[in-house]
>>> print(open('target11.csv').read())   # CSV, N, CA and C atoms
chain,number,residue,atom,x,y,z
A,17,MET,N,101.4,-44.3,131.0
A,17,MET,CA,100.7,-44.6,132.3
A,17,MET,C,100.1,-46.0,132.2
A,18,THR,N,100.4,-46.7,133.3
A,18,THR,CA,99.9,-48.1,133.4
A,18,THR,C,98.8,-48.1,134.5
A,19,LEU,N,97.6,-48.4,134.0
A,19,LEU,CA,96.4,-48.4,135.0
A,19,LEU,C,96.2,-49.9,135.3
A,20,VAL,N,96.3,-50.2,136.6
A,20,VAL,CA,96.1,-51.5,137.1
A,20,VAL,C,94.6,-51.6,137.5
A,21,GLN,N,93.9,-52.4,136.8
A,21,GLN,CA,92.5,-52.6,137.2
A,21,GLN,C,92.1,-54.1,136.9
A,22,MET,N,91.7,-54.8,137.9
A,22,MET,CA,91.4,-56.2,137.7
A,22,MET,C,89.9,-56.4,137.8
A,23,GLN,N,89.5,-57.2,138.8
A,23,GLN,CA,88.1,-57.5,139.0
A,23,GLN,C,87.4,-56.6,140.0
A,24,PRO,N,86.2,-56.1,139.8
A,24,PRO,CA,85.5,-55.4,140.9
A,24,PRO,C,85.3,-56.4,142.1
A,25,ARG,N,85.1,-55.8,143.2
A,25,ARG,CA,84.9,-56.5,144.4
A,25,ARG,C,83.5,-57.3,144.4
A,26,PRO,N,83.6,-58.6,144.6
A,26,PRO,CA,82.3,-59.3,144.7
A,26,PRO,C,81.5,-58.9,145.9
A,27,VAL,N,80.2,-58.9,145.7
A,27,VAL,CA,79.3,-58.5,146.8
A,27,VAL,C,79.4,-59.5,147.9
A,28,GLY,N,79.6,-59.0,149.1
A,28,GLY,CA,79.7,-59.8,150.3
A,28,GLY,C,81.1,-60.3,150.6
A,29,ALA,N,82.1,-59.9,149.8
A,29,ALA,CA,83.5,-60.3,150.1
A,29,ALA,C,83.9,-59.8,151.4
A,30,GLY,N,84.6,-60.6,152.2
A,30,GLY,CA,85.0,-60.3,153.5
A,30,GLY,C,86.4,-59.7,153.5
A,31,PRO,N,87.0,-59.6,154.8
A,31,PRO,CA,88.3,-59.1,154.9
A,31,PRO,C,89.3,-59.9,154.1
A,32,GLY,N,90.3,-59.2,153.5
A,32,GLY,CA,91.3,-59.8,152.6
A,32,GLY,C,90.8,-59.7,151.2
A,33,HIS,N,89.6,-59.2,151.0
A,33,HIS,CA,89.1,-59.1,149.6
A,33,HIS,C,88.6,-57.7,149.4
A,34,GLU,N,89.3,-56.7,150.0
A,34,GLU,CA,88.9,-55.3,149.9
A,34,GLU,C,89.4,-54.8,148.5
A,35,THR,N,88.7,-53.7,148.1
A,35,THR,CA,89.1,-53.0,147.0
A,35,THR,C,90.0,-51.8,147.4
A,36,VAL,N,90.7,-51.2,146.5
A,36,VAL,CA,91.6,-50.1,146.9
A,36,VAL,C,90.8,-49.0,147.5
A,37,ALA,N,89.6,-48.7,147.0
A,37,ALA,CA,88.8,-47.6,147.5
A,37,ALA,C,88.5,-47.8,149.0
A,38,GLU,N,88.4,-49.0,149.5
A,38,GLU,CA,88.1,-49.2,150.9
A,38,GLU,C,89.3,-48.9,151.9
A,39,VAL,N,90.5,-48.9,151.3
A,39,VAL,CA,91.7,-48.8,152.2
A,39,VAL,C,92.6,-47.6,151.8
A,40,MET,N,92.4,-46.9,150.7
A,40,MET,CA,93.3,-45.9,150.3
A,40,MET,C,93.2,-44.7,151.2
A,41,ASP,N,94.3,-43.9,151.2
A,41,ASP,CA,94.4,-42.7,152.0
A,41,ASP,C,94.0,-41.6,151.1
A,42,ALA,N,93.7,-40.4,151.7
A,42,ALA,CA,93.5,-39.2,150.9
A,42,ALA,C,94.7,-38.9,150.0
A,43,ALA,N,94.5,-38.3,148.9
A,43,ALA,CA,95.6,-38.0,148.0
A,43,ALA,C,96.7,-37.1,148.6
A,44,GLY,N,96.3,-36.2,149.5
A,44,GLY,CA,97.2,-35.3,150.1
A,44,GLY,C,97.6,-34.2,149.1
A,45,PRO,N,98.7,-33.6,149.4
A,45,PRO,CA,99.1,-32.4,148.5
A,45,PRO,C,99.3,-32.9,147.1
A,46,GLN,N,98.8,-32.2,146.1
A,46,GLN,CA,99.0,-32.4,144.7
A,46,GLN,C,99.7,-31.2,144.2
A,47,VAL,N,100.8,-31.5,143.4
A,47,VAL,CA,101.6,-30.4,142.9
A,47,VAL,C,101.8,-30.6,141.4
A,48,CYS,N,102.1,-29.5,140.7
A,48,CYS,CA,102.3,-29.5,139.3
A,48,CYS,C,103.7,-30.1,138.9
A,49,ASP,N,103.8,-30.8,137.8
A,49,ASP,CA,105.1,-31.4,137.5
A,49,ASP,C,106.2,-30.4,137.0
A,50,ASP,N,105.8,-29.1,136.9
A,50,ASP,CA,106.9,-28.1,136.6
A,50,ASP,C,107.5,-27.5,137.8
A,51,MET,N,107.1,-28.0,139.0
A,51,MET,CA,107.7,-27.5,140.3
A,51,MET,C,109.1,-28.0,140.4
A,52,SER,N,110.0,-27.2,141.0
A,52,SER,CA,111.4,-27.5,141.3
A,52,SER,C,111.4,-28.5,142.5
A,53,VAL,N,112.5,-29.2,142.6
A,53,VAL,CA,112.8,-30.1,143.7
A,53,VAL,C,112.8,-29.4,145.0
A,54,GLU,N,113.4,-28.2,145.1
A,54,GLU,CA,113.5,-27.4,146.3
A,54,GLU,C,112.1,-27.0,146.8
A,55,VAL,N,111.3,-26.5,145.9
A,55,VAL,CA,110.0,-26.1,146.2
A,55,VAL,C,109.1,-27.3,146.7
A,56,ALA,N,109.3,-28.4,146.0
A,56,ALA,CA,108.5,-29.6,146.4
A,56,ALA,C,108.9,-30.1,147.8
A,57,LEU,N,110.2,-30.0,148.1
A,57,LEU,CA,110.6,-30.3,149.5
A,57,LEU,C,110.1,-29.4,150.5
A,58,SER,N,109.9,-28.1,150.2
A,58,SER,CA,109.3,-27.1,151.0
A,58,SER,C,107.8,-27.4,151.3
A,59,VAL,N,107.2,-27.8,150.2
A,59,VAL,CA,105.7,-28.1,150.3
A,59,VAL,C,105.6,-29.3,151.2
A,60,MET,N,106.4,-30.3,151.0
A,60,MET,CA,106.4,-31.5,151.9
A,60,MET,C,106.6,-31.2,153.3
A,61,ALA,N,107.5,-30.3,153.6
A,61,ALA,CA,107.8,-29.9,155.0
A,61,ALA,C,106.6,-29.2,155.6
A,62,ALA,N,106.0,-28.3,154.8
A,62,ALA,CA,104.9,-27.5,155.3
A,62,ALA,C,103.7,-28.4,155.5
A,63,ALA,N,103.5,-29.4,154.7
A,63,ALA,CA,102.3,-30.2,154.8
A,63,ALA,C,102.6,-31.4,155.7
A,64,ARG,N,103.8,-31.5,156.2
A,64,ARG,CA,104.2,-32.6,157.1
A,64,ARG,C,103.9,-34.0,156.5
A,65,THR,N,104.3,-34.2,155.2
A,65,THR,CA,104.1,-35.4,154.5
A,65,THR,C,105.4,-35.9,153.9
A,66,GLY,N,105.4,-37.2,153.6
A,66,GLY,CA,106.6,-37.7,153.0
A,66,GLY,C,106.5,-38.0,151.5
A,67,ARG,N,105.3,-37.6,150.9
A,67,ARG,CA,105.1,-37.9,149.5
A,67,ARG,C,104.2,-36.8,148.9
A,68,LEU,N,104.3,-36.6,147.6
A,68,LEU,CA,103.5,-35.7,146.9
A,68,LEU,C,102.9,-36.4,145.6
A,69,VAL,N,101.7,-36.2,145.3
A,69,VAL,CA,101.1,-36.6,144.1
A,69,VAL,C,101.4,-35.5,143.1
A,70,VAL,N,102.0,-35.9,141.9
A,70,VAL,CA,102.4,-35.0,140.9
A,70,VAL,C,101.4,-35.0,139.7
A,71,CYS,N,100.9,-33.9,139.3
A,71,CYS,CA,100.0,-33.8,138.2
A,71,CYS,C,100.5,-32.9,137.1
A,72,ASP,N,100.0,-33.1,135.9
A,72,ASP,CA,100.4,-32.2,134.8
A,72,ASP,C,99.6,-31.0,134.7
A,73,GLN,N,99.7,-30.2,133.7
A,73,GLN,CA,99.0,-28.9,133.6
A,73,GLN,C,97.5,-29.1,133.5
A,74,ASP,N,97.1,-30.3,133.0
A,74,ASP,CA,95.6,-30.6,132.9
A,74,ASP,C,95.0,-31.2,134.1
A,75,GLY,N,95.8,-31.4,135.2
A,75,GLY,CA,95.3,-32.0,136.4
A,75,GLY,C,95.3,-33.5,136.4
A,76,GLN,N,96.0,-34.1,135.4
A,76,GLN,CA,96.0,-35.5,135.4
A,76,GLN,C,97.3,-36.0,136.2
A,77,CYS,N,97.1,-37.0,137.0
A,77,CYS,CA,98.2,-37.6,137.8
A,77,CYS,C,99.3,-38.1,136.9
A,78,THR,N,100.5,-37.7,137.1
A,78,THR,CA,101.6,-38.3,136.4
A,78,THR,C,102.6,-39.1,137.2
A,79,GLY,N,102.4,-39.1,138.5
A,79,GLY,CA,103.2,-39.9,139.4
A,79,GLY,C,103.2,-39.5,140.8
A,80,LEU,N,104.2,-40.0,141.5
A,80,LEU,CA,104.3,-39.8,142.9
A,80,LEU,C,105.8,-39.6,143.2
A,81,VAL,N,106.1,-38.7,144.1
A,81,VAL,CA,107.5,-38.5,144.5
A,81,VAL,C,107.6,-38.6,146.0
A,82,THR,N,108.7,-39.1,146.6
A,82,THR,CA,108.8,-39.2,148.0
A,82,THR,C,109.9,-38.2,148.5
A,83,HIS,N,109.9,-37.9,149.8
A,83,HIS,CA,110.9,-37.1,150.4
A,83,HIS,C,112.3,-37.6,150.2
A,84,ALA,N,112.4,-38.9,150.4
A,84,ALA,CA,113.8,-39.6,150.3
A,84,ALA,C,114.3,-39.5,148.9
A,85,GLU,N,113.4,-39.6,147.9
A,85,GLU,CA,113.8,-39.6,146.5
A,85,GLU,C,114.2,-38.1,146.2
A,86,LEU,N,113.5,-37.1,146.6
A,86,LEU,CA,113.8,-35.7,146.3
A,86,LEU,C,115.1,-35.3,147.0
A,87,ALA,N,115.3,-35.7,148.2
A,87,ALA,CA,116.5,-35.4,149.0
A,87,ALA,C,117.7,-36.0,148.3
A,88,ALA,N,117.6,-37.2,147.8
A,88,ALA,CA,118.7,-37.8,147.1
A,88,ALA,C,119.1,-37.1,145.9
A,89,VAL,N,118.1,-36.6,145.1
A,89,VAL,CA,118.3,-35.8,143.9
A,89,VAL,C,119.0,-34.5,144.3
A,90,ARG,N,118.5,-33.8,145.3
A,90,ARG,CA,119.0,-32.6,145.7
A,90,ARG,C,120.5,-32.7,146.2
A,91,ASP,N,120.8,-33.8,146.8
A,91,ASP,CA,122.1,-34.0,147.4
A,91,ASP,C,123.1,-34.5,146.4
A,92,SER,N,122.7,-34.9,145.2
A,92,SER,CA,123.6,-35.4,144.2
A,92,SER,C,124.4,-34.3,143.6
A,93,SER,N,125.6,-34.7,143.1
A,93,SER,CA,126.5,-33.7,142.5
A,93,SER,C,126.0,-33.2,141.2
A,94,ALA,N,125.1,-33.9,140.5
A,94,ALA,CA,124.5,-33.4,139.2
A,94,ALA,C,123.3,-32.5,139.4
A,95,TYR,N,122.9,-32.2,140.6
A,95,TYR,CA,121.7,-31.4,140.9
A,95,TYR,C,121.9,-29.9,140.5
A,96,THR,N,120.9,-29.4,139.8
A,96,THR,CA,120.8,-27.9,139.6
A,96,THR,C,119.4,-27.5,140.0
A,97,ASP,N,119.2,-26.2,140.2
A,97,ASP,CA,117.9,-25.7,140.5
A,97,ASP,C,116.9,-25.7,139.3
A,98,HIS,N,117.4,-26.2,138.2
A,98,HIS,CA,116.5,-26.3,137.0
A,98,HIS,C,115.8,-27.7,136.9
A,99,VAL,N,116.2,-28.6,137.8
A,99,VAL,CA,115.5,-29.9,137.8
A,99,VAL,C,114.1,-29.8,138.3
A,100,ARG,N,113.2,-30.3,137.5
A,100,ARG,CA,111.7,-30.2,137.8
A,100,ARG,C,111.2,-31.6,138.1
A,101,LEU,N,110.1,-31.7,138.7
A,101,LEU,CA,109.5,-33.0,139.1
A,101,LEU,C,109.3,-33.9,137.9
A,102,ARG,N,108.9,-33.3,136.8
A,102,ARG,CA,108.6,-34.1,135.6
A,102,ARG,C,109.9,-34.8,135.1
A,103,ASP,N,111.1,-34.2,135.4
A,103,ASP,CA,112.3,-34.8,135.1
A,103,ASP,C,112.6,-36.1,135.9
A,104,LEU,N,111.9,-36.3,137.0
A,104,LEU,CA,112.2,-37.4,137.9
A,104,LEU,C,111.2,-38.5,137.8
A,105,LEU,N,110.1,-38.4,137.0
A,105,LEU,CA,109.0,-39.3,137.0
A,105,LEU,C,109.2,-40.5,136.0
A,106,GLY,N,110.3,-40.7,135.5
A,106,GLY,CA,110.5,-41.7,134.5
A,106,GLY,C,109.9,-43.1,134.8
A,107,GLY,N,110.2,-43.6,136.0
A,107,GLY,CA,109.7,-44.9,136.4
A,107,GLY,C,108.5,-45.0,137.2
A,108,HIS,N,107.8,-43.9,137.4
A,108,HIS,CA,106.7,-43.8,138.3
A,108,HIS,C,105.3,-43.9,137.7
A,109,GLY,N,105.2,-44.5,136.5
A,109,GLY,CA,104.0,-44.5,135.7
A,109,GLY,C,103.0,-45.5,136.1
A,110,SER,N,103.0,-46.1,137.3
A,110,SER,CA,102.0,-47.0,137.7
A,110,SER,C,100.9,-46.3,138.5
A,111,PHE,N,99.7,-46.7,138.3
A,111,PHE,CA,98.5,-46.1,139.0
A,111,PHE,C,97.6,-47.3,139.2
A,112,THR,N,96.6,-47.1,140.0
A,112,THR,CA,95.6,-48.1,140.2
A,112,THR,C,94.2,-47.4,140.2
A,113,SER,N,93.2,-48.2,140.1
A,113,SER,CA,91.8,-47.7,140.1
A,113,SER,C,91.2,-48.1,141.5
A,114,PRO,N,90.2,-47.3,141.9
A,114,PRO,CA,89.6,-47.6,143.2
A,114,PRO,C,88.9,-48.9,143.2
A,115,VAL,N,88.5,-49.5,142.1
A,115,VAL,CA,87.8,-50.8,142.1
A,115,VAL,C,88.7,-52.0,142.0
A,116,THR,N,90.0,-51.7,141.9
A,116,THR,CA,91.0,-52.8,141.9
A,116,THR,C,91.1,-53.5,143.2
A,117,MET,N,91.2,-54.8,143.2
A,117,MET,CA,91.3,-55.6,144.4
A,117,MET,C,92.7,-55.3,145.0
A,118,MET,N,92.8,-55.3,146.3
A,118,MET,CA,94.0,-55.0,147.0
A,118,MET,C,95.2,-55.8,146.6
A,119,ALA,N,95.0,-57.1,146.5
A,119,ALA,CA,96.0,-58.0,146.2
A,119,ALA,C,96.7,-57.7,144.8
A,120,ASP,N,95.8,-57.3,143.9
A,120,ASP,CA,96.3,-56.9,142.5
A,120,ASP,C,97.1,-55.6,142.6
A,121,ALA,N,96.6,-54.7,143.4
A,121,ALA,CA,97.3,-53.4,143.5
A,121,ALA,C,98.6,-53.5,144.2
A,122,GLU,N,98.7,-54.3,145.2
A,122,GLU,CA,99.9,-54.5,146.0
A,122,GLU,C,101.0,-55.1,145.1
A,123,ARG,N,100.6,-56.0,144.2
A,123,ARG,CA,101.6,-56.6,143.3
A,123,ARG,C,102.1,-55.6,142.3
A,124,ALA,N,101.3,-54.6,141.9
A,124,ALA,CA,101.7,-53.6,140.9
A,124,ALA,C,102.5,-52.5,141.5
A,125,MET,N,102.5,-52.4,142.9
A,125,MET,CA,103.1,-51.2,143.5
A,125,MET,C,104.6,-51.2,143.4
A,126,PRO,N,105.2,-50.1,143.0
A,126,PRO,CA,106.7,-50.0,143.0
A,126,PRO,C,107.2,-50.0,144.5
A,127,THR,N,107.9,-51.0,144.9
A,127,THR,CA,108.3,-51.2,146.3
A,127,THR,C,109.2,-50.0,146.8
A,128,ARG,N,110.0,-49.4,145.9
A,128,ARG,CA,110.8,-48.3,146.4
A,128,ARG,C,110.0,-47.1,146.8
A,129,LEU,N,108.9,-46.9,146.2
A,129,LEU,CA,108.0,-45.8,146.6
A,129,LEU,C,107.1,-46.2,147.8
A,130,GLY,N,106.7,-47.4,147.9
A,130,GLY,CA,105.8,-47.8,149.0
A,130,GLY,C,104.4,-47.3,148.9
A,131,ALA,N,104.1,-46.7,147.7
A,131,ALA,CA,102.7,-46.1,147.5
A,131,ALA,C,102.4,-46.1,146.1
A,132,LEU,N,101.1,-46.1,145.8
A,132,LEU,CA,100.6,-46.1,144.4
A,132,LEU,C,99.5,-45.1,144.3
A,133,PRO,N,99.5,-44.2,143.4
A,133,PRO,CA,98.4,-43.2,143.2
A,133,PRO,C,97.1,-44.0,142.8
A,134,VAL,N,96.0,-43.5,143.3
A,134,VAL,CA,94.7,-44.1,142.8
A,134,VAL,C,94.0,-43.0,142.0
A,135,VAL,N,93.7,-43.4,140.8
A,135,VAL,CA,93.1,-42.4,139.8
A,135,VAL,C,91.8,-42.8,139.3
A,136,ASP,N,91.0,-41.8,138.9
A,136,ASP,CA,89.7,-42.1,138.2
A,136,ASP,C,89.9,-42.4,136.7
A,137,VAL,N,88.9,-42.6,136.0
A,137,VAL,CA,89.0,-42.9,134.5
A,137,VAL,C,89.6,-41.8,133.7
A,138,GLN,N,89.5,-40.5,134.2
A,138,GLN,CA,90.1,-39.4,133.5
A,138,GLN,C,91.5,-39.1,133.9
A,139,GLY,N,92.1,-39.9,134.9
A,139,GLY,CA,93.4,-39.7,135.3
A,139,GLY,C,93.6,-38.8,136.5
A,140,SER,N,92.5,-38.3,137.1
A,140,SER,CA,92.6,-37.4,138.2
A,140,SER,C,92.9,-38.2,139.5
A,141,ALA,N,93.8,-37.7,140.4
A,141,ALA,CA,94.1,-38.4,141.6
A,141,ALA,C,93.0,-38.4,142.6
A,142,LEU,N,92.6,-39.6,143.1
A,142,LEU,CA,91.6,-39.7,144.1
A,142,LEU,C,92.2,-40.0,145.5
A,143,GLY,N,93.3,-40.6,145.5
A,143,GLY,CA,93.9,-41.0,146.7
A,143,GLY,C,95.3,-41.7,146.5
A,144,VAL,N,95.8,-42.3,147.6
A,144,VAL,CA,97.1,-43.0,147.5
A,144,VAL,C,96.9,-44.3,148.3
A,145,LEU,N,97.4,-45.3,147.7
A,145,LEU,CA,97.4,-46.6,148.4
A,145,LEU,C,98.9,-46.8,148.9
A,146,ALA,N,99.0,-46.9,150.2
A,146,ALA,CA,100.3,-47.0,150.8
A,146,ALA,C,100.5,-48.5,151.4
A,147,LEU,N,101.8,-49.0,151.3
A,147,LEU,CA,102.1,-50.3,151.8
A,147,LEU,C,101.8,-50.4,153.3
A,148,SER,N,102.4,-49.5,154.0
A,148,SER,CA,102.2,-49.5,155.5
A,148,SER,C,101.2,-48.5,155.9
A,149,ARG,N,100.2,-48.9,156.5
A,149,ARG,CA,99.1,-48.0,156.9
A,149,ARG,C,99.2,-47.7,158.3
>>> encode(input="target11.csv", output="structure tokens")
Amino acid sequence: MTLVQMQPRPVGAGPGHETVAEVMDAAGPQVCDDMSVEVALSVMAAARTGRLVVCDQDGQCTGLVTHAELAAVRDSSAYTDHVRLRDLLGGHGSFTSPVTMMADAERAMPTRLGALPVVDVQGSALGVLALSR
């Protein structure tokens, strides 16, 4: 897990100097990493969302998956119903802290996901920082 945390927000900083906590979205649906791709797609459809925060058995955030990513896996020739979300999270280990400055968090965000989970010091998901709001 890579936690991105730079400098806390200076008192009185204006627009353009926001922290992640000031602009993050709610975490939305959180699912366990042992969930299958098909079930995760169903959860997304029911929740009308394009992404899910993935957590381990202890409730710690392990990453983020998107609808496009899961659909591509499901539609691949190598797909089986035994594929679990934890199998897909190899490159998603970036997270940020709510006190991180926006500019720092945006630089750390995986562009193919367009979002970055926001976690507390214990690794629990607090929200999601999305590129396009």
>>> closest_residue(input="target11.csv", among="A:Gly75, A:Pro133, A:Pro114, A:Gly44", to="Leu147 of chain A", atoms="only C-alpha atoms")
A:Pro133
>>> closest_residue(input="target11.csv", among="A:Glu34, A:Glu85, A:Asp50, A:Asp72", to="Ala121 of chain A", atoms="only C-alpha atoms")
A:Glu34
>>> closest_residue(input="target11.csv", among="A:Glu122, A:Val137, A:Asp91, A:Asp49", to="Leu104 of chain A", atoms="only C-alpha atoms")
A:Asp49
>>> closest_residue(input="target11.csv", among="A:Gln46, A:Ser52, A:Thr96, A:Thr35", to="Leu68 of chain A", atoms="all atoms listed in the file")
A:Gln46
>>> closest_residue(input="target11.csv", among="A:Ala88, A:Val53, A:Ala94, A:Val47", to="Val70 of chain A", atoms="all atoms listed in the file")
A:Val47
>>> closest_residue(input="target11.csv", among="A:Glu54, A:Asp41, A:Asp97, A:Asp74", to="Leu142 of chain A", atoms="all atoms listed in the file")
A:Asp41
>>> atom_distance(input="target11.csv", atom1="atom N of His98 of chain A", atom2="atom N of Val134 of chain A")
28.0 Å
>>> select_by_dssp(input="target11.csv", residues="chain A", states="alpha helix (DSSP H)", output="JSON, numbers by chain")
{"A": [36, 37, 38, 39, 53, 54, 55, 56, 57, 58, 59, 60, 61, 62, 63, 83, 84, 85, 86, 87, 88, 89, 90, 91, 118, 119, 120, 121, 122, 123, 124]}
>>> residues_around(input="target11.csv", residues="Leu132 of chain A", least_positions_apart="3", cutoff="5 Å", atoms="all atoms listed in the file", output="PDB file with N, CA and C atoms, keeping the file's coordinate frame")
ATOM      1  N   VAL A 144      95.800 -42.300 147.600  1.00  0.00           N
ATOM      2  CA  VAL A 144      97.100 -43.000 147.500  1.00  0.00           C
ATOM      3  C   VAL A 144      96.900 -44.300 148.300  1.00  0.00           C
ATOM      4  N   LEU A 145      97.400 -45.300 147.700  1.00  0.00           N
ATOM      5  CA  LEU A 145      97.400 -46.600 148.400  1.00  0.00           C
ATOM      6  C   LEU A 145      98.900 -46.800 148.900  1.00  0.00           C
ATOM      7  N   ALA A 146      99.000 -46.900 150.200  1.00  0.00           N
ATOM      8  CA  ALA A 146     100.300 -47.000 150.800  1.00  0.00           C
ATOM      9  C   ALA A 146     100.500 -48.500 151.400  1.00  0.00           C
TER      10      ALA A 146
END
>>> atom_distance(input="target11.csv", atom1="atom CA of Ala37 of chain A", atom2="atom CA of Asp136 of chain A")
10.8 Å
>>> atom_distance(input="target11.csv", atom1="atom N of Arg67 of chain A", atom2="atom C of Val81 of chain A")
5.5 Å
>>> select_by_dssp(input="target11.csv", residues="segment 19-93 of chain A", states="strand (DSSP E)", output="list in words")
Leu19, Val20, Asp41, Ala42, Gln46, Val47, Cys48, Arg67, Leu68, Val69, Val70, Cys71, Cys77, Thr78, Gly79, Leu80, Val81 and Thr82 of chain A
>>> write_last_selection(input="target11.csv", atoms="N, CA and C atoms", output="compact mmCIF listing (two decimals), in the coordinates of the input")
# COMPACT_ATOMS: atom_id res chain seq x y z
N LEU A 19 97.60 -48.40 134.00
CA LEU A 19 96.40 -48.40 135.00
C LEU A 19 96.20 -49.90 135.30
N VAL A 20 96.30 -50.20 136.60
CA VAL A 20 96.10 -51.50 137.10
C VAL A 20 94.60 -51.60 137.50
N ASP A 41 94.30 -43.90 151.20
CA ASP A 41 94.40 -42.70 152.00
C ASP A 41 94.00 -41.60 151.10
N ALA A 42 93.70 -40.40 151.70
CA ALA A 42 93.50 -39.20 150.90
C ALA A 42 94.70 -38.90 150.00
N GLN A 46 98.80 -32.20 146.10
CA GLN A 46 99.00 -32.40 144.70
C GLN A 46 99.70 -31.20 144.20
N VAL A 47 100.80 -31.50 143.40
CA VAL A 47 101.60 -30.40 142.90
C VAL A 47 101.80 -30.60 141.40
N CYS A 48 102.10 -29.50 140.70
CA CYS A 48 102.30 -29.50 139.30
C CYS A 48 103.70 -30.10 138.90
N ARG A 67 105.30 -37.60 150.90
CA ARG A 67 105.10 -37.90 149.50
C ARG A 67 104.20 -36.80 148.90
N LEU A 68 104.30 -36.60 147.60
CA LEU A 68 103.50 -35.70 146.90
C LEU A 68 102.90 -36.40 145.60
N VAL A 69 101.70 -36.20 145.30
CA VAL A 69 101.10 -36.60 144.10
C VAL A 69 101.40 -35.50 143.10
N VAL A 70 102.00 -35.90 141.90
CA VAL A 70 102.40 -35.00 140.90
C VAL A 70 101.40 -35.00 139.70
N CYS A 71 100.90 -33.90 139.30
CA CYS A 71 100.00 -33.80 138.20
C CYS A 71 100.50 -32.90 137.10
N CYS A 77 97.10 -37.00 137.00
CA CYS A 77 98.20 -37.60 137.80
C CYS A 77 99.30 -38.10 136.90
N THR A 78 100.50 -37.70 137.10
CA THR A 78 101.60 -38.30 136.40
C THR A 78 102.60 -39.10 137.20
N GLY A 79 102.40 -39.10 138.50
CA GLY A 79 103.20 -39.90 139.40
C GLY A 79 103.20 -39.50 140.80
N LEU A 80 104.20 -40.00 141.50
CA LEU A 80 104.30 -39.80 142.90
C LEU A 80 105.80 -39.60 143.20
N VAL A 81 106.10 -38.70 144.10
CA VAL A 81 107.50 -38.50 144.50
C VAL A 81 107.60 -38.60 146.00
N THR A 82 108.70 -39.10 146.60
CA THR A 82 108.80 -39.20 148.00
C THR A 82 109.90 -38.20 148.50
>>> decode(input="target11.csv", residues="segment 60-107 of chain A", atoms="C-alpha atoms", output="PDB file, in the first residue's frame")
ATOM      1  CA  MET A  60     -22.407  -1.674  -9.152  1.00  0.00           C
ATOM      2  CA  ALA A  61     -25.582  -1.899 -11.206  1.00  0.00           C
ATOM      3  CA  ALA A  62     -27.792  -1.944  -8.115  1.00  0.00           C
ATOM      4  CA  ALA A  63     -25.923   0.987  -6.550  1.00  0.00           C
ATOM      5  CA  ARG A  64     -25.817   2.879  -9.859  1.00  0.00           C
ATOM      6  CA  THR A  65     -22.106   3.536  -9.524  1.00  0.00           C
ATOM      7  CA  GLY A  66     -19.102   3.052 -11.754  1.00  0.00           C
ATOM      8  CA  ARG A  67     -16.645   2.072  -9.043  1.00  0.00           C
ATOM      9  CA  LEU A  68     -16.333   0.058  -5.846  1.00  0.00           C
ATOM     10  CA  VAL A  69     -13.962   0.420  -2.920  1.00  0.00           C
ATOM     11  CA  VAL A  70     -12.491  -3.007  -2.170  1.00  0.00           C
ATOM     12  CA  CYS A  71     -11.619  -4.022   1.399  1.00  0.00           C
ATOM     13  CA  ASP A  72     -10.008  -7.087   2.935  1.00  0.00           C
ATOM     14  CA  GLN A  73     -11.509  -9.289   5.665  1.00  0.00           C
ATOM     15  CA  ASP A  74     -10.315  -6.787   8.304  1.00  0.00           C
ATOM     16  CA  GLY A  75     -12.072  -3.846   6.659  1.00  0.00           C
ATOM     17  CA  GLN A  76      -8.873  -2.262   5.375  1.00  0.00           C
ATOM     18  CA  CYS A  77      -9.039  -0.703   1.939  1.00  0.00           C
ATOM     19  CA  THR A  78      -7.080  -2.721  -0.625  1.00  0.00           C
ATOM     20  CA  GLY A  79      -8.008  -0.772  -3.742  1.00  0.00           C
ATOM     21  CA  LEU A  80     -10.617   0.415  -6.155  1.00  0.00           C
ATOM     22  CA  VAL A  81     -12.202  -1.275  -9.178  1.00  0.00           C
ATOM     23  CA  THR A  82     -14.187   0.336 -11.980  1.00  0.00           C
ATOM     24  CA  HIS A  83     -17.055  -0.941 -14.085  1.00  0.00           C
ATOM     25  CA  ALA A  84     -14.977  -0.691 -17.271  1.00  0.00           C
ATOM     26  CA  GLU A  85     -12.178  -2.693 -15.707  1.00  0.00           C
ATOM     27  CA  LEU A  86     -14.491  -5.459 -14.447  1.00  0.00           C
ATOM     28  CA  ALA A  87     -16.390  -5.629 -17.749  1.00  0.00           C
ATOM     29  CA  ALA A  88     -13.108  -6.045 -19.638  1.00  0.00           C
ATOM     30  CA  VAL A  89     -12.075  -8.898 -17.326  1.00  0.00           C
ATOM     31  CA  ARG A  90     -15.468 -10.584 -17.639  1.00  0.00           C
ATOM     32  CA  ASP A  91     -15.398 -10.306 -21.433  1.00  0.00           C
ATOM     33  CA  SER A  92     -11.863 -11.707 -21.792  1.00  0.00           C
ATOM     34  CA  SER A  93     -11.313 -15.231 -23.037  1.00  0.00           C
ATOM     35  CA  ALA A  94      -9.374 -16.124 -19.871  1.00  0.00           C
ATOM     36  CA  TYR A  95     -12.278 -15.244 -17.547  1.00  0.00           C
ATOM     37  CA  THR A  96     -13.773 -17.838 -15.204  1.00  0.00           C
ATOM     38  CA  ASP A  97     -16.268 -17.431 -12.394  1.00  0.00           C
ATOM     39  CA  HIS A  98     -13.428 -18.147  -9.954  1.00  0.00           C
ATOM     40  CA  VAL A  99     -11.814 -14.724 -10.530  1.00  0.00           C
ATOM     41  CA  ARG A 100     -12.066 -12.629  -7.371  1.00  0.00           C
ATOM     42  CA  LEU A 101     -11.554  -8.908  -6.915  1.00  0.00           C
ATOM     43  CA  ARG A 102      -8.330  -9.536  -4.973  1.00  0.00           C
ATOM     44  CA  ASP A 103      -6.953 -11.148  -8.154  1.00  0.00           C
ATOM     45  CA  LEU A 104      -7.383  -7.853 -10.021  1.00  0.00           C
ATOM     46  CA  LEU A 105      -5.883  -5.400  -7.540  1.00  0.00           C
ATOM     47  CA  GLY A 106      -2.209  -5.783  -8.441  1.00  0.00           C
ATOM     48  CA  GLY A 107      -1.613  -2.205  -9.581  1.00  0.00           C
TER      49      GLY A 107
END
